Each structure stands twice: as C-alpha cells, then as structure tokens.
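Chemist: structure-v7.pdb (PDB, C-alpha atoms) pasted underneath:
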```
ATOM      1  CA  MET A   1      22.153  77.689 -12.388  1.00  0.00           C
ATOM      2  CA  GLU A   2      25.093  75.906 -10.824  1.00  0.00           C
ATOM      3  CA  ALA A   3      27.904  77.652  -8.961  1.00  0.00           C
ATOM      4  CA  HIS A   4      31.063  75.919  -7.754  1.00  0.00           C
ATOM      5  CA  LEU A   5      33.967  77.062  -5.594  1.00  0.00           C
ATOM      6  CA  LEU A   6      36.834  75.504  -7.521  1.00  0.00           C
ATOM      7  CA  ASP A   7      39.252  75.582  -4.569  1.00  0.00           C
ATOM      8  CA  ASN A   8      36.992  73.066  -2.810  1.00  0.00           C
ATOM      9  CA  LEU A   9      37.164  70.662  -5.764  1.00  0.00           C
ATOM     10  CA  ILE A  10      40.944  70.515  -6.291  1.00  0.00           C
ATOM     11  CA  ALA A  11      42.753  67.453  -4.955  1.00  0.00           C
ATOM     12  CA  PHE A  12      46.334  66.236  -5.224  1.00  0.00           C
ATOM     13  CA  SER A  13      47.844  62.761  -5.002  1.00  0.00           C
ATOM     14  CA  PRO A  14      51.481  61.653  -4.923  1.00  0.00           C
ATOM     15  CA  GLU A  15      50.595  58.636  -7.119  1.00  0.00           C
ATOM     16  CA  SER A  16      49.156  60.406 -10.171  1.00  0.00           C
ATOM     17  CA  HIS A  17      47.306  63.495 -11.295  1.00  0.00           C
ATOM     18  CA  THR A  18      43.716  63.771 -10.120  1.00  0.00           C
ATOM     19  CA  LYS A  19      40.572  64.943 -11.858  1.00  0.00           C
ATOM     20  CA  ARG A  20      37.130  65.791 -10.605  1.00  0.00           C
ATOM     21  CA  ILE A  21      34.306  66.316 -13.068  1.00  0.00           C
ATOM     22  CA  PHE A  22      31.907  68.823 -11.565  1.00  0.00           C
ATOM     23  CA  PHE A  23      29.727  69.699 -14.548  1.00  0.00           C
ATOM     24  CA  ASP A  24      28.635  67.500 -17.451  1.00  0.00           C
ATOM     25  CA  SER A  25      25.596  68.654 -19.363  1.00  0.00           C
ATOM     26  CA  GLY A  26      24.906  68.907 -23.063  1.00  0.00           C
ATOM     27  CA  PRO A  27      27.682  70.671 -24.910  1.00  0.00           C
ATOM     28  CA  VAL A  28      29.886  71.372 -21.845  1.00  0.00           C
ATOM     29  CA  LYS A  29      31.976  69.158 -19.569  1.00  0.00           C
ATOM     30  CA  ALA A  30      34.087  70.822 -16.860  1.00  0.00           C
ATOM     31  CA  GLN A  31      36.631  69.347 -14.466  1.00  0.00           C
ATOM     32  CA  VAL A  32      39.500  70.391 -12.248  1.00  0.00           C
ATOM     33  CA  MET A  33      42.777  68.501 -12.283  1.00  0.00           C
ATOM     34  CA  GLY A  34      45.534  68.464  -9.679  1.00  0.00           C
ATOM     35  CA  PHE A  35      49.177  67.696 -10.484  1.00  0.00           C
ATOM     36  CA  GLU A  36      52.206  67.281  -8.271  1.00  0.00           C
ATOM     37  CA  PRO A  37      55.569  68.315  -9.797  1.00  0.00           C
ATOM     38  CA  GLY A  38      56.515  65.971 -12.638  1.00  0.00           C
ATOM     39  CA  GLN A  39      53.046  64.479 -13.080  1.00  0.00           C
ATOM     40  CA  GLN A  40      51.570  64.685 -16.533  1.00  0.00           C
ATOM     41  CA  ILE A  41      48.872  63.761 -18.961  1.00  0.00           C
ATOM     42  CA  PRO A  42      50.600  61.937 -21.819  1.00  0.00           C
ATOM     43  CA  PRO A  43      49.960  63.060 -25.399  1.00  0.00           C
ATOM     44  CA  CYS A  44      46.400  62.274 -26.432  1.00  0.00           C
ATOM     45  CA  ARG A  45      43.814  63.312 -28.996  1.00  0.00           C
ATOM     46  CA  MET A  46      40.446  64.771 -28.002  1.00  0.00           C
ATOM     47  CA  GLU A  47      37.241  64.697 -30.016  1.00  0.00           C
ATOM     48  CA  HIS A  48      36.210  68.149 -28.739  1.00  0.00           C
ATOM     49  CA  ASP A  49      37.603  71.652 -28.389  1.00  0.00           C
ATOM     50  CA  VAL A  50      39.143  72.183 -24.942  1.00  0.00           C
ATOM     51  CA  ILE A  51      39.988  75.205 -22.817  1.00  0.00           C
ATOM     52  CA  PHE A  52      42.587  74.852 -20.049  1.00  0.00           C
ATOM     53  CA  VAL A  53      42.873  77.529 -17.330  1.00  0.00           C
ATOM     54  CA  VAL A  54      45.738  77.277 -14.823  1.00  0.00           C
ATOM     55  CA  LEU A  55      44.369  77.999 -11.349  1.00  0.00           C
ATOM     56  CA  GLU A  56      47.676  77.614  -9.510  1.00  0.00           C
ATOM     57  CA  GLY A  57      51.232  76.554 -10.176  1.00  0.00           C
ATOM     58  CA  GLN A  58      53.341  76.267 -13.289  1.00  0.00           C
ATOM     59  CA  GLY A  59      53.859  73.697 -16.004  1.00  0.00           C
ATOM     60  CA  GLU A  60      53.999  73.211 -19.709  1.00  0.00           C
ATOM     61  CA  ILE A  61      51.551  72.310 -22.403  1.00  0.00           C
ATOM     62  CA  ILE A  62      52.532  70.601 -25.624  1.00  0.00           C
ATOM     63  CA  ILE A  63      50.193  70.819 -28.609  1.00  0.00           C
ATOM     64  CA  ASP A  64      51.296  69.004 -31.749  1.00  0.00           C
ATOM     65  CA  GLU A  65      54.935  69.198 -30.546  1.00  0.00           C
ATOM     66  CA  GLU A  66      54.723  72.970 -29.837  1.00  0.00           C
ATOM     67  CA  LYS A  67      55.708  73.524 -26.196  1.00  0.00           C
ATOM     68  CA  ARG A  68      54.588  76.497 -24.068  1.00  0.00           C
ATOM     69  CA  THR A  69      55.090  77.389 -20.424  1.00  0.00           C
ATOM     70  CA  ILE A  70      51.837  77.951 -18.549  1.00  0.00           C
ATOM     71  CA  ALA A  71      51.332  79.460 -15.100  1.00  0.00           C
ATOM     72  CA  LYS A  72      48.591  80.768 -12.829  1.00  0.00           C
ATOM     73  CA  SER A  73      45.958  82.686 -14.828  1.00  0.00           C
ATOM     74  CA  SER A  74      47.181  81.287 -18.183  1.00  0.00           C
ATOM     75  CA  TRP A  75      44.518  79.893 -20.448  1.00  0.00           C
ATOM     76  CA  VAL A  76      44.838  77.902 -23.653  1.00  0.00           C
ATOM     77  CA  PHE A  77      42.235  77.064 -26.293  1.00  0.00           C
ATOM     78  CA  ILE A  78      42.912  73.828 -28.178  1.00  0.00           C
ATOM     79  CA  PRO A  79      40.734  73.108 -31.203  1.00  0.00           C
ATOM     80  CA  LYS A  80      39.708  69.491 -31.750  1.00  0.00           C
ATOM     81  CA  GLU A  81      41.612  69.449 -35.042  1.00  0.00           C
ATOM     82  CA  LYS A  82      44.956  69.378 -33.210  1.00  0.00           C
ATOM     83  CA  GLU A  83      46.525  65.921 -33.257  1.00  0.00           C
ATOM     84  CA  THR A  84      47.884  65.737 -29.706  1.00  0.00           C
ATOM     85  CA  ARG A  85      47.974  67.633 -26.455  1.00  0.00           C
ATOM     86  CA  SER A  86      49.653  66.978 -23.120  1.00  0.00           C
ATOM     87  CA  LEU A  87      50.209  68.740 -19.796  1.00  0.00           C
ATOM     88  CA  LYS A  88      53.162  68.425 -17.404  1.00  0.00           C
ATOM     89  CA  ALA A  89      53.519  70.108 -14.007  1.00  0.00           C
ATOM     90  CA  LYS A  90      56.749  71.861 -13.034  1.00  0.00           C
ATOM     91  CA  THR A  91      55.313  72.814  -9.635  1.00  0.00           C
ATOM     92  CA  ARG A  92      52.132  71.756  -7.868  1.00  0.00           C
ATOM     93  CA  MET A  93      49.541  72.772 -10.445  1.00  0.00           C
ATOM     94  CA  ALA A  94      45.740  72.948 -10.607  1.00  0.00           C
ATOM     95  CA  VAL A  95      43.976  73.251 -13.951  1.00  0.00           C
ATOM     96  CA  LEU A  96      40.375  73.867 -14.968  1.00  0.00           C
ATOM     97  CA  ALA A  97      39.536  71.936 -18.161  1.00  0.00           C
ATOM     98  CA  ILE A  98      36.392  72.692 -20.154  1.00  0.00           C
ATOM     99  CA  GLN A  99      35.375  70.518 -23.091  1.00  0.00           C
ATOM    100  CA  LEU A 100      33.115  72.149 -25.666  1.00  0.00           C
ATOM    101  CA  ARG A 101      31.148  69.357 -27.300  1.00  0.00           C
ATOM    102  CA  GLY A 102      28.920  71.307 -29.562  1.00  0.00           C
TER     103      GLY A 102
END
```
Spell out the structure here as structure tokens.
Modeler:
Amino acid sequence: MEAHLLDNLIAFSPESHTKRIFFDSGPVKAQVMGFEPGQQIPPCRMEHDVIFVVLEGQGEIIIDEEKRTIAKSSWVFIPKEKETRSLKAKTRMAVLAIQLRG
C-alpha cells in the first residue's frame, strides 16, 4: 500500500504549470498539478479516461468546447472518447489528475 500527503507534492512556478507524478502502476497513473492564475493546459486528447479533482483554487475546464467552472472539491470524469480537454486557472489552483488505463 502507498499513502501520499498531497499537500507535500504540490508545487507552483511562475513560468508554467507544474506536475508531479507520484503513482504509476498498471492501470492507474496519478499526479498533482500546480497552476498560477492564467496558466493552462492547452486542448489535448488523452488515450485514457481521466478524473480531475480540484484540491485548491478555482479555474475552468473545457471538454469538447463545453466550459465549466471548477473550484476546490470539484471533480470531473472525462471519458477517453472526448476529443479535447483543457484546464485554465483563474486563481492559484492545485489539481489531482488520475488516469485510468484499463
């Protein structure tokens, strides 16, 4: 069993969003990402289902051109069939991302 204190894994950078992969085994890959206001992940396509959980802050998620506001304790499931997804921070934001590769 692995246990991680996510607060200890989150980092922020004024240059670009950060990510730290802390678990990568078999069907699951988990990472935390840190965003300063205005930083984003541009639209991309993923080969796996993904769950995003906002740990702190506020931003928006865009899935196939559908935009939603997300904030602390929000979670979003994105099936791999979706064409694009992106994240953009409105405030300093930390996000847990879990890829389900099974």
Chemist: Write out as a list of chain:residue names which residues come within 9 Å of segment 6-9 of chain A when counting only C-alpha atoms, dropping same-chain ones fewer than 6 positions away.
Modeler: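 These residues fall inside the cut-off: A:Arg20, A:Ile21, A:Phe22, A:Gln31, A:Val32, A:Met33, A:Leu55, A:Leu96.
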Chemist: Atom CA of Ile70 of chain A to atom CA of Glu2 of chain A: how many Å, to one decimal?
Modeler: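 Rounded to one decimal, the two atoms are 27.9 Å apart.
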Chemist: Which is closest to Glu81 of chain A among A:Val50, A:Ala11, A:Leu5, A:Ala94, if we use all atoms listed in the file?
Modeler: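 Result for the nearest residue to Glu81 of chain A: A:Val50.
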Chemist: For Ser86 of chain A, please output as a ChimeraX atom specification all residues within 10 Å (counting all atoms listed in the file; exclusion window: fewer than 2 positions along the same chain).
Modeler: /A:40-45,60-65,67,84,88
Chemist: Between A:Gly59, A:Gly102, A:Gly26, A:Gly34, which one has atoms that come closest to Glu47 of chain A, using only C-alpha atoms?
Modeler: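 Ranked by minimum distance to Glu47 of chain A, first place goes to A:Gly102.
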